[in-house]
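Peer 1: Input structure: structure_4.pdb, which contains PDB, C-alpha atoms.
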ATOM      1  CA  MET A  28    -109.275  30.438 -54.294
ATOM      2  CA  GLU A  29    -106.066  29.595 -56.143
ATOM      3  CA  GLY A  30    -106.325  29.937 -59.878
ATOM      4  CA  LYS A  31    -109.517  31.998 -59.855
ATOM      5  CA  GLU A  32    -109.297  35.347 -61.614
ATOM      6  CA  GLU A  33    -111.588  38.012 -62.948
ATOM      7  CA  ASP A  34    -111.336  40.496 -65.796
ATOM      8  CA  VAL A  35    -111.650  44.143 -64.815
ATOM      9  CA  LYS A  36    -112.261  46.869 -67.377
ATOM     10  CA  LEU A  37    -110.955  50.237 -66.261
ATOM     11  CA  GLY A  38    -112.838  53.233 -67.673
ATOM     12  CA  ALA A  39    -112.423  53.684 -71.390
ATOM     13  CA  ASN A  40    -109.511  51.242 -71.467
ATOM     14  CA  LYS A  41    -110.886  48.195 -73.275
ATOM     15  CA  PHE A  42    -107.844  46.056 -72.475
ATOM     16  CA  SER A  43    -108.538  43.711 -69.606
ATOM     17  CA  GLU A  44    -106.491  43.556 -66.433
ATOM     18  CA  ARG A  45    -106.056  40.253 -64.624
ATOM     19  CA  GLN A  46    -106.921  40.510 -60.954
ATOM     20  CA  PRO A  47    -107.051  37.670 -58.428
ATOM     21  CA  ILE A  48    -110.289  37.246 -56.552
ATOM     22  CA  GLY A  49    -110.015  37.778 -52.793
ATOM     23  CA  THR A  50    -112.448  36.786 -50.088
ATOM     24  CA  ALA A  51    -115.961  37.670 -51.243
ATOM     25  CA  ALA A  52    -114.425  40.081 -53.757
ATOM     26  CA  GLN A  53    -117.345  40.236 -56.124
ATOM     27  CA  ASP A  54    -118.625  43.304 -57.963
ATOM     28  CA  LYS A  55    -122.145  41.928 -58.375
ATOM     29  CA  ASP A  56    -123.431  43.962 -55.394
ATOM     30  CA  TYR A  57    -121.780  47.189 -56.549
ATOM     31  CA  LYS A  58    -123.612  49.888 -58.421
ATOM     32  CA  GLU A  59    -122.145  53.330 -59.068
ATOM     33  CA  PRO A  60    -124.329  55.810 -57.143
ATOM     34  CA  PRO A  61    -125.789  58.684 -59.174
ATOM     35  CA  PRO A  62    -124.128  62.082 -58.705
ATOM     36  CA  ALA A  63    -125.795  64.437 -56.260
ATOM     37  CA  PRO A  64    -127.688  67.336 -57.842
ATOM     38  CA  LEU A  65    -125.984  70.723 -57.727
ATOM     39  CA  PHE A  66    -128.975  72.280 -55.985
ATOM     40  CA  GLU A  67    -131.570  70.344 -54.029
ATOM     41  CA  PRO A  68    -134.142  72.786 -52.568
ATOM     42  CA  GLY A  69    -136.148  69.901 -51.136
ATOM     43  CA  GLU A  70    -133.409  69.342 -48.564
ATOM     44  CA  LEU A  71    -134.344  72.595 -46.858
ATOM     45  CA  LYS A  72    -137.700  71.076 -45.889
ATOM     46  CA  SER A  73    -136.179  67.952 -44.378
ATOM     47  CA  TRP A  74    -135.329  67.586 -40.690
ATOM     48  CA  SER A  75    -132.475  65.216 -41.593
ATOM     49  CA  PHE A  76    -130.775  68.133 -43.378
ATOM     50  CA  TYR A  77    -130.738  70.290 -40.233
ATOM     51  CA  ARG A  78    -129.951  67.318 -37.995
ATOM     52  CA  ALA A  79    -126.863  66.676 -40.128
ATOM     53  CA  GLY A  80    -125.786  70.310 -39.794
ATOM     54  CA  ILE A  81    -126.200  70.168 -36.015
ATOM     55  CA  ALA A  82    -124.093  66.997 -35.957
ATOM     56  CA  GLU A  83    -121.330  68.791 -37.896
ATOM     57  CA  PHE A  84    -121.516  71.732 -35.487
ATOM     58  CA  MET A  85    -121.248  69.539 -32.395
ATOM     59  CA  ALA A  86    -118.479  67.378 -33.840
ATOM     60  CA  THR A  87    -116.347  70.381 -34.795
ATOM     61  CA  PHE A  88    -117.064  72.019 -31.428
ATOM     62  CA  LEU A  89    -115.822  68.939 -29.557
ATOM     63  CA  PHE A  90    -112.892  68.595 -31.924
ATOM     64  CA  LEU A  91    -111.636  72.113 -31.244
ATOM     65  CA  TYR A  92    -112.344  71.871 -27.519
ATOM     66  CA  ILE A  93    -110.217  68.751 -26.960
ATOM     67  CA  THR A  94    -107.437  69.566 -29.401
ATOM     68  CA  ILE A  95    -106.900  73.203 -28.413
ATOM     69  CA  LEU A  96    -106.897  72.211 -24.722
ATOM     70  CA  THR A  97    -104.209  69.659 -25.544
ATOM     71  CA  VAL A  98    -102.147  72.256 -27.391
ATOM     72  CA  MET A  99    -102.444  74.673 -24.463
ATOM     73  CA  GLY A 100    -101.309  71.981 -22.039
ATOM     74  CA  VAL A 101     -98.157  71.423 -24.073
ATOM     75  CA  VAL A 102     -97.143  74.995 -24.905
ATOM     76  CA  LYS A 103     -97.679  76.402 -21.396
ATOM     77  CA  SER A 104     -95.229  73.958 -19.839
ATOM     78  CA  ASN A 105     -91.585  74.931 -19.385
ATOM     79  CA  SER A 106     -90.521  71.325 -19.820
ATOM     80  CA  LYS A 107     -91.962  69.435 -22.765
ATOM     81  CA  CYS A 108     -90.916  66.210 -21.025
ATOM     82  CA  SER A 109     -93.706  66.772 -18.515
ATOM     83  CA  THR A 110     -96.355  66.974 -21.247
ATOM     84  CA  VAL A 111     -97.631  64.770 -24.035
ATOM     85  CA  GLY A 112     -95.490  66.720 -26.514
ATOM     86  CA  ILE A 113     -95.971  66.921 -30.272
ATOM     87  CA  GLN A 114     -96.821  63.233 -30.415
ATOM     88  CA  GLY A 115     -99.601  63.771 -27.892
ATOM     89  CA  ILE A 116    -100.989  66.712 -29.855
ATOM     90  CA  ALA A 117    -100.975  64.612 -33.005
ATOM     91  CA  TRP A 118    -102.767  61.790 -31.185
ATOM     92  CA  ALA A 119    -105.362  64.225 -29.845
ATOM     93  CA  PHE A 120    -106.190  65.462 -33.356
ATOM     94  CA  GLY A 121    -106.142  62.022 -34.934
ATOM     95  CA  GLY A 122    -107.975  60.344 -32.075
ATOM     96  CA  MET A 123    -110.750  62.907 -32.009
ATOM     97  CA  ILE A 124    -111.271  62.589 -35.757
ATOM     98  CA  PHE A 125    -111.440  58.809 -35.382
ATOM     99  CA  ALA A 126    -114.042  59.045 -32.599
ATOM    100  CA  LEU A 127    -116.113  61.832 -34.146
ATOM    101  CA  VAL A 128    -116.231  60.340 -37.646
ATOM    102  CA  TYR A 129    -117.402  57.080 -36.081
ATOM    103  CA  CYS A 130    -120.104  58.908 -34.106
ATOM    104  CA  THR A 131    -121.427  61.188 -36.846
ATOM    105  CA  ALA A 132    -120.876  59.309 -40.111
ATOM    106  CA  GLY A 133    -124.372  57.840 -40.048
ATOM    107  CA  ILE A 134    -125.941  61.265 -39.498
ATOM    108  CA  SER A 135    -124.007  63.770 -41.584
ATOM    109  CA  GLY A 136    -121.236  61.760 -43.182
ATOM    110  CA  GLY A 137    -118.765  62.863 -40.508
ATOM    111  CA  HIS A 138    -116.920  65.554 -42.477
ATOM    112  CA  ILE A 139    -115.847  67.854 -39.581
ATOM    113  CA  ASN A 140    -113.733  69.797 -42.067
ATOM    114  CA  PRO A 141    -114.673  72.224 -44.874
ATOM    115  CA  ALA A 142    -111.847  70.811 -47.017
ATOM    116  CA  VAL A 143    -113.331  67.302 -46.796
ATOM    117  CA  THR A 144    -116.764  68.707 -47.604
ATOM    118  CA  PHE A 145    -115.324  70.618 -50.570
ATOM    119  CA  GLY A 146    -113.577  67.538 -51.944
ATOM    120  CA  LEU A 147    -116.717  65.435 -51.664
ATOM    121  CA  PHE A 148    -118.732  68.213 -53.298
ATOM    122  CA  LEU A 149    -116.346  68.268 -56.261
ATOM    123  CA  ALA A 150    -116.846  64.513 -56.538
ATOM    124  CA  ARG A 151    -120.623  65.106 -56.648
ATOM    125  CA  LYS A 152    -121.196  63.247 -53.382
ATOM    126  CA  LEU A 153    -123.381  66.000 -51.960
ATOM    127  CA  SER A 154    -125.231  69.063 -53.192
ATOM    128  CA  LEU A 155    -123.936  72.633 -53.080
ATOM    129  CA  THR A 156    -126.757  73.476 -50.667
ATOM    130  CA  ARG A 157    -125.618  70.858 -48.192
ATOM    131  CA  ALA A 158    -121.920  71.612 -48.698
ATOM    132  CA  LEU A 159    -122.340  75.313 -47.860
ATOM    133  CA  PHE A 160    -124.536  74.493 -44.861
ATOM    134  CA  TYR A 161    -121.962  72.029 -43.538
ATOM    135  CA  MET A 162    -119.122  74.537 -43.927
ATOM    136  CA  VAL A 163    -121.009  77.241 -42.037
ATOM    137  CA  MET A 164    -121.889  74.856 -39.196
ATOM    138  CA  GLN A 165    -118.335  73.529 -39.026
ATOM    139  CA  CYS A 166    -116.918  77.044 -38.726
ATOM    140  CA  LEU A 167    -119.447  78.017 -36.057
ATOM    141  CA  GLY A 168    -118.667  74.870 -34.087
ATOM    142  CA  ALA A 169    -114.933  75.572 -34.290
ATOM    143  CA  ILE A 170    -115.387  79.143 -33.069
ATOM    144  CA  CYS A 171    -117.467  77.971 -30.111
ATOM    145  CA  GLY A 172    -115.025  75.183 -29.244
ATOM    146  CA  ALA A 173    -112.027  77.538 -29.183
ATOM    147  CA  GLY A 174    -114.103  80.091 -27.276
ATOM    148  CA  VAL A 175    -114.855  77.619 -24.475
ATOM    149  CA  VAL A 176    -111.131  76.833 -24.117
ATOM    150  CA  LYS A 177    -110.344  80.547 -23.837
ATOM    151  CA  GLY A 178    -113.095  80.896 -21.239
ATOM    152  CA  PHE A 179    -111.458  78.237 -19.072
ATOM    153  CA  GLN A 180    -107.983  79.791 -19.045
ATOM    154  CA  LYS A 181    -107.913  83.158 -20.757
ATOM    155  CA  GLY A 182    -104.439  84.173 -19.591
ATOM    156  CA  VAL A 183    -102.809  80.932 -20.667
ATOM    157  CA  TYR A 184    -104.728  80.978 -23.933
ATOM    158  CA  GLU A 185    -103.707  84.501 -24.945
ATOM    159  CA  SER A 186    -100.085  84.174 -23.831
ATOM    160  CA  ASN A 187     -99.480  80.897 -25.655
ATOM    161  CA  GLY A 188    -100.835  81.525 -29.142
ATOM    162  CA  GLY A 189    -104.357  80.222 -28.645
ATOM    163  CA  GLY A 190    -103.683  77.222 -30.859
ATOM    164  CA  ALA A 191    -103.798  79.487 -33.919
ATOM    165  CA  ASN A 192    -102.050  78.290 -37.080
ATOM    166  CA  VAL A 193     -99.070  80.344 -38.236
ATOM    167  CA  VAL A 194     -96.098  79.611 -40.475
ATOM    168  CA  ALA A 195     -93.194  78.900 -38.130
ATOM    169  CA  SER A 196     -90.030  80.958 -38.113
ATOM    170  CA  GLY A 197     -87.528  79.654 -40.622
ATOM    171  CA  TYR A 198     -90.171  78.611 -43.134
ATOM    172  CA  SER A 199     -91.514  80.678 -46.027
ATOM    173  CA  LYS A 200     -95.152  81.181 -46.949
ATOM    174  CA  GLY A 201     -94.547  78.844 -49.863
ATOM    175  CA  ASP A 202     -93.339  76.166 -47.455
ATOM    176  CA  GLY A 203     -96.461  76.584 -45.365
ATOM    177  CA  LEU A 204     -98.750  76.499 -48.400
ATOM    178  CA  GLY A 205     -97.053  73.379 -49.734
ATOM    179  CA  ALA A 206     -97.342  71.623 -46.363
ATOM    180  CA  GLU A 207    -101.054  72.407 -46.206
ATOM    181  CA  ILE A 208    -101.697  71.252 -49.777
ATOM    182  CA  VAL A 209     -99.899  67.929 -49.354
ATOM    183  CA  GLY A 210    -101.287  67.322 -45.864
ATOM    184  CA  THR A 211    -104.860  67.920 -46.966
ATOM    185  CA  PHE A 212    -104.347  65.798 -50.062
ATOM    186  CA  ILE A 213    -103.313  62.883 -47.834
ATOM    187  CA  LEU A 214    -106.351  63.355 -45.605
ATOM    188  CA  VAL A 215    -108.957  63.738 -48.357
ATOM    189  CA  TYR A 216    -107.479  60.951 -50.471
ATOM    190  CA  THR A 217    -107.704  58.698 -47.405
ATOM    191  CA  VAL A 218    -111.347  59.721 -46.959
ATOM    192  CA  PHE A 219    -112.138  58.810 -50.561
ATOM    193  CA  SER A 220    -110.300  55.495 -50.343
ATOM    194  CA  ALA A 221    -111.670  54.455 -46.946
ATOM    195  CA  THR A 222    -115.270  55.167 -47.958
ATOM    196  CA  ASP A 223    -115.142  53.994 -51.583
ATOM    197  CA  ALA A 224    -118.416  52.212 -52.345
ATOM    198  CA  LYS A 225    -116.696  49.832 -54.751
ATOM    199  CA  ARG A 226    -114.181  48.815 -52.087
ATOM    200  CA  ASN A 227    -117.073  48.149 -49.717
ATOM    201  CA  ALA A 228    -118.684  45.876 -52.278
ATOM    202  CA  ARG A 229    -115.451  43.963 -52.819
ATOM    203  CA  ASP A 230    -114.716  43.653 -49.094
ATOM    204  CA  SER A 231    -118.193  42.420 -48.312
ATOM    205  CA  HIS A 232    -116.845  40.218 -45.525
ATOM    206  CA  VAL A 233    -116.406  43.442 -43.501
ATOM    207  CA  PRO A 234    -119.524  45.173 -42.081
ATOM    208  CA  THR A 235    -119.939  48.076 -44.481
ATOM    209  CA  ARG A 236    -122.755  50.384 -43.603
ATOM    210  CA  THR A 237    -125.636  51.243 -41.352
ATOM    211  CA  ARG A 238    -128.868  52.970 -42.266
ATOM    212  CA  SER A 239    -131.222  55.168 -40.329
ATOM    213  CA  ASP A 240    -134.558  56.717 -41.267
ATOM    214  CA  ASN A 241    -134.119  55.805 -44.944
ATOM    215  CA  PHE A 242    -130.999  57.986 -44.942
ATOM    216  CA  SER A 243    -128.125  56.952 -47.182
ATOM    217  CA  PRO A 244    -124.867  58.244 -45.633
ATOM    218  CA  GLN A 245    -122.902  57.409 -48.771
ATOM    219  CA  TYR A 246    -125.090  59.748 -50.785
ATOM    220  CA  PHE A 247    -123.994  62.653 -48.599
ATOM    221  CA  GLY A 248    -120.318  61.824 -48.651
ATOM    222  CA  LEU A 249    -119.087  59.099 -46.353
ATOM    223  CA  ASP A 250    -120.310  55.538 -46.684
ATOM    224  CA  VAL A 251    -120.610  54.364 -43.085
ATOM    225  CA  GLN A 252    -118.019  51.634 -42.733
ATOM    226  CA  LEU A 253    -116.936  50.113 -39.447
ATOM    227  CA  LEU A 254    -113.241  50.541 -40.209
ATOM    228  CA  ALA A 255    -113.373  53.793 -42.205
ATOM    229  CA  PRO A 256    -112.771  56.164 -39.231
ATOM    230  CA  LEU A 257    -109.529  54.362 -38.351
ATOM    231  CA  PRO A 258    -107.448  55.179 -41.464
ATOM    232  CA  ILE A 259    -108.944  58.692 -41.567
ATOM    233  CA  GLY A 260    -107.937  59.385 -37.968
ATOM    234  CA  PHE A 261    -104.539  57.803 -38.528
ATOM    235  CA  ALA A 262    -103.944  59.995 -41.585
ATOM    236  CA  VAL A 263    -104.691  63.088 -39.477
ATOM    237  CA  PHE A 264    -102.263  61.822 -36.814
ATOM    238  CA  LEU A 265     -99.433  61.273 -39.298
ATOM    239  CA  VAL A 266     -99.916  64.609 -41.072
ATOM    240  CA  HIS A 267     -99.770  66.383 -37.703
ATOM    241  CA  LEU A 268     -96.527  64.622 -36.795
ATOM    242  CA  ALA A 269     -94.994  65.867 -40.028
ATOM    243  CA  THR A 270     -96.310  69.428 -40.244
ATOM    244  CA  ILE A 271     -96.803  70.709 -36.689
ATOM    245  CA  PRO A 272     -93.251  72.175 -36.795
ATOM    246  CA  ILE A 273     -94.083  74.002 -40.053
ATOM    247  CA  THR A 274     -97.597  75.455 -39.665
ATOM    248  CA  GLY A 275     -98.994  73.915 -36.508
ATOM    249  CA  THR A 276    -100.965  71.808 -39.001
ATOM    250  CA  GLY A 277    -104.156  73.287 -40.348
ATOM    251  CA  ILE A 278    -105.567  70.950 -43.050
ATOM    252  CA  ASN A 279    -108.950  72.067 -41.723
ATOM    253  CA  PRO A 280    -110.065  75.652 -42.474
ATOM    254  CA  ALA A 281    -112.712  75.570 -39.728
ATOM    255  CA  ARG A 282    -110.108  74.617 -37.117
ATOM    256  CA  SER A 283    -107.804  77.423 -38.299
ATOM    257  CA  LEU A 284    -110.624  79.992 -38.458
ATOM    258  CA  GLY A 285    -112.014  79.165 -35.014
ATOM    259  CA  ALA A 286    -108.634  79.514 -33.312
ATOM    260  CA  ALA A 287    -107.780  82.708 -35.245
ATOM    261  CA  ILE A 288    -111.075  84.435 -34.408
ATOM    262  CA  ILE A 289    -110.917  83.654 -30.691
ATOM    263  CA  TYR A 290    -107.192  84.411 -30.365
ATOM    264  CA  ASN A 291    -107.545  87.461 -32.667
ATOM    265  CA  LYS A 292    -103.969  88.730 -32.762
ATOM    266  CA  ASP A 293    -102.444  90.300 -35.861
ATOM    267  CA  HIS A 294     -99.904  87.552 -36.500
ATOM    268  CA  ALA A 295    -102.672  84.938 -36.414
ATOM    269  CA  TRP A 296    -104.202  86.632 -39.472
ATOM    270  CA  ASP A 297    -100.991  87.369 -41.398
ATOM    271  CA  ASP A 298    -100.810  83.931 -42.990
ATOM    272  CA  HIS A 299    -104.413  82.887 -42.473
ATOM    273  CA  TRP A 300    -105.144  82.693 -46.205
ATOM    274  CA  ILE A 301    -102.715  79.761 -46.405
ATOM    275  CA  PHE A 302    -105.021  77.693 -44.206
ATOM    276  CA  TRP A 303    -107.908  78.116 -46.639
ATOM    277  CA  VAL A 304    -106.165  78.112 -50.004
ATOM    278  CA  GLY A 305    -103.877  75.191 -49.140
ATOM    279  CA  PRO A 306    -106.559  72.796 -47.865
ATOM    280  CA  PHE A 307    -108.965  73.616 -50.694
ATOM    281  CA  ILE A 308    -106.278  73.005 -53.328
ATOM    282  CA  GLY A 309    -105.269  69.773 -51.609
ATOM    283  CA  ALA A 310    -108.875  68.606 -51.416
ATOM    284  CA  ALA A 311    -109.483  69.416 -55.089
ATOM    285  CA  LEU A 312    -106.367  67.517 -56.157
ATOM    286  CA  ALA A 313    -107.394  64.509 -54.058
ATOM    287  CA  ALA A 314    -110.890  64.519 -55.576
ATOM    288  CA  ILE A 315    -109.489  64.707 -59.115
ATOM    289  CA  TYR A 316    -106.902  62.006 -58.437
ATOM    290  CA  HIS A 317    -109.375  59.563 -56.923
ATOM    291  CA  GLN A 318    -112.305  60.148 -59.261
ATOM    292  CA  VAL A 319    -110.431  60.585 -62.544
ATOM    293  CA  VAL A 320    -107.169  58.656 -62.179
ATOM    294  CA  ILE A 321    -108.000  55.873 -59.737
ATOM    295  CA  ARG A 322    -111.678  55.291 -60.459
ATOM    296  CA  ALA A 323    -111.782  56.690 -64.029
ATOM    297  CA  ILE A 324    -115.410  57.638 -63.470
ATOM    298  CA  PRO A 325    -115.636  60.220 -66.308
ATOM    299  CA  PHE A 326    -114.428  57.583 -68.776
ATOM    300  CA  LYS A 327    -116.855  54.966 -67.480
ATOM    301  CA  ASN A 328    -119.754  57.325 -67.984
ATOM    302  CA  ARG A 329    -118.795  57.780 -71.646
ATOM    303  CA  SER A 330    -118.295  54.109 -72.384
TER     304      SER A 330
END
What is this structure when it is put down as structure tokens?

Peer 2:
Amino acid sequence: MEGKEEDVKLGANKFSERQPIGTAAQDKDYKEPPPAPLFEPGELKSWSFYRAGIAEFMATFLFLYITILTVMGVVKSNSKCSTVGIQGIAWAFGGMIFALVYCTAGISGGHINPAVTFGLFLARKLSLTRALFYMVMQCLGAICGAGVVKGFQKGVYESNGGGANVVASGYSKGDGLGAEIVGTFILVYTVFSATDAKRNARDSHVPTRTRSDNFSPQYFGLDVQLLAPLPIGFAVFLVHLATIPITGTGINPARSLGAAIIYNKDHAWDDHWIFWVGPFIGAALAAIYHQVVIRAIPFKNRS
């Protein structure tokens, strides 16, 4: 492939950029998908719409169940050396996201997080109707998942914080908000990058997508790619390693809401706004950065 190059025009910039061609790196199979409509009433009559919502509910339920159980196993122990520790908690969160995105991406897009859904909505990857439905189902799933954990060991759950997100002692609310913004930005930016349709077209030597019942997963957010869940789960793992000591790591409003509702102590609600405002700001910044700066989509549409 030595010596072969292609010209790439970026948005409204008419000056060409020289880019070497990699393995099967051709744009001929790529076509920018049309933006999703703001409202799509026809979705409400489709079983695939409700099936996707159920998938989001179940995924978030399982996510909270496994991760909160892991947190309880660590915090109830007198010796952290006898538990999986912070690293184990981070692996539980990241590993579950990896598994659940892989399982549900072909059904709902595998969001499992209102912040991810919000970012993809801002990028016009799904309609407002579907975005709101996903968020409601994600929150309900999180509440049920945390509730099952409390049902197993109520005393341990209530005496050890219930996995609720709070700003740790020694950190200000501003610190907590900043950690949530940056952490969510990393996650949502990874989602955009890992599921970018143009990247899939360029890396056509990698299996890129599956289809079921004439359903296009990319249209509803996540293009089903064999390797996409891996960087997404790894991003969640790394953000947890960094921010568990600060906020317990939210970056997922449904996760924070589910634990707060089931634990339901005053201090769990004191800083709860941080775990909605922070992730939504982070998701919005990631959507703007990827769509406007990296992909220059608004400029392409004008040219």

Peer 1: From (-107.0, 63.0, -51.4), in the file's coordinates, out to 9 Å: which residues are reached, counting all atoms listed in the file? Answer as a count of residues only.

Peer 2: 22

Peer 1: Name the closest residue to Pro272 (chain A) among the candidates A:Phe302, A:Tyr290, A:Tyr198, A:Trp118; distances are taken between atoms, counting all atoms listed in the file.

Peer 2: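 Closest residue, counting all atoms listed in the file: A:Tyr198.
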
Peer 1: Excluding same-chain residues fewer than 6 positions from Val101 (chain A), what lies within 8 Å of it counting all atoms listed in the file, as a PDB file with C-alpha atoms, keeping the file's coordinate frame?

Peer 2:
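Dumped everything to around-v7.pdb:
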ATOM      1  CA  LYS A 107     -91.962  69.435 -22.765  1.00  0.00           C
ATOM      2  CA  THR A 110     -96.355  66.974 -21.247  1.00  0.00           C
ATOM      3  CA  VAL A 111     -97.631  64.770 -24.035  1.00  0.00           C
ATOM      4  CA  GLY A 112     -95.490  66.720 -26.514  1.00  0.00           C
ATOM      5  CA  ILE A 113     -95.971  66.921 -30.272  1.00  0.00           C
ATOM      6  CA  ILE A 116    -100.989  66.712 -29.855  1.00  0.00           C
TER       7      ILE A 116
END

Peer 1: Between A:Ile139, A:Leu284, A:Gly133, A:Gln318, single out the one closest to Phe84 (chain A), counting only C-alpha atoms.

Peer 2: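 With only C-alpha atoms as the atom set, the closest residue is A:Ile139.
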
Peer 1: For a quick check of understanding, using all atoms listed in the file, which of A:Ala286, A:Leu268, A:Ala206, A:Ala82 has the smallest distance to Gly121 (chain A)?

Peer 2: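 That would be A:Leu268, the residue with the smallest distance to Gly121 (chain A).
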
Peer 1: List the residues matched by the PyMOL selection byres ((chain A and resi 174-189) around 7) in the displayed structure as a PyMOL selection string, ordered by chain and then by residue number.

Peer 2: chain A and resi 92+96+99+102-103+170-173+190-191+286+289-290

Peer 1: CA of Phe307 (chain A) and CA of Lys225 (chain A) are how many Å apart?

Peer 2: 25.3 Å

Peer 1: Mind giving me the straight-line distance from CA of Phe264 (chain A) to CA of Ala117 (chain A) in Å, one decimal?

Peer 2: 4.9 Å

Peer 1: Name the residues in contact with Gly201 (chain A) at a cut-off of 12 Å, using all atoms listed in the file, excluding same-chain residues fewer than 6 positions from it; report them as a VMD selection string.

Peer 2: chain A and resid 194 to 195 207 to 208 273 to 274 298 300 to 302 304 to 305

Peer 1: Since we have the selection now, will you write its residues out, keeping C-alpha atoms, as a compact mmCIF listing (two decimals), in the coordinates of the input?

Peer 2:
# COMPACT_ATOMS: atom_id res chain seq x y z
CA VAL A 194 -96.10 79.61 -40.48
CA ALA A 195 -93.19 78.90 -38.13
CA GLU A 207 -101.05 72.41 -46.21
CA ILE A 208 -101.70 71.25 -49.78
CA ILE A 273 -94.08 74.00 -40.05
CA THR A 274 -97.60 75.46 -39.66
CA ASP A 298 -100.81 83.93 -42.99
CA TRP A 300 -105.14 82.69 -46.20
CA ILE A 301 -102.72 79.76 -46.40
CA PHE A 302 -105.02 77.69 -44.21
CA VAL A 304 -106.16 78.11 -50.00
CA GLY A 305 -103.88 75.19 -49.14

Peer 1: Exactly which residues make up the result of the PyMOL selection byres ((chain A and resi 256) around 9) on this file, given as a PyMOL selection string?

Peer 2: chain A and resi 124-129+132+218+221+251-255+257-261

Peer 1: Mind pulling up the distance from CA of Met162 (chain A) to CA of Glu83 (chain A)?

Peer 2: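 Between CA of Glu83 (chain A) and CA of Met162 (chain A) the gap works out to 8.6 Å.
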
Peer 1: Which residues match the PyMOL selection byres ((chain A and resi 155) around 6) in the file above, as number ranges by chain?

Peer 2: A: 65-66, 154, 156-158

Peer 1: For the residues selected in the previous step, produce a file with C-alpha atoms as a PDB file, in the coordinates of the input.

Peer 2:
ATOM      1  CA  LEU A  65    -125.984  70.723 -57.727  1.00  0.00           C
ATOM      2  CA  PHE A  66    -128.975  72.280 -55.985  1.00  0.00           C
ATOM      3  CA  SER A 154    -125.231  69.063 -53.192  1.00  0.00           C
ATOM      4  CA  THR A 156    -126.757  73.476 -50.667  1.00  0.00           C
ATOM      5  CA  ARG A 157    -125.618  70.858 -48.192  1.00  0.00           C
ATOM      6  CA  ALA A 158    -121.920  71.612 -48.698  1.00  0.00           C
TER       7      ALA A 158
END

Peer 1: Taking only C-alpha atoms into account, name the residue in A:Val193, A:Leu91, A:Leu167, A:Ala142 that is nearest to Trp296 (chain A).

Peer 2: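 Comparing A:Val193, A:Leu91, A:Leu167, A:Ala142 against Trp296 (chain A), the winner is A:Val193.
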
Peer 1: Taking all atoms listed in the file into account, name the residue in A:Lys152, A:Gly210, A:Asn291, A:Ile134 that is nearest to Gly275 (chain A).

Peer 2: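 Counting all atoms listed in the file, the residue closest to Gly275 (chain A) is A:Gly210.
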
Peer 1: Which one is closest to Lys292 (chain A): A:Arg78, A:Asn192, A:Leu149, A:Glu70? Count only C-alpha atoms.

Peer 2: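 Of all the options, A:Asn192 lies closest to Lys292 (chain A).
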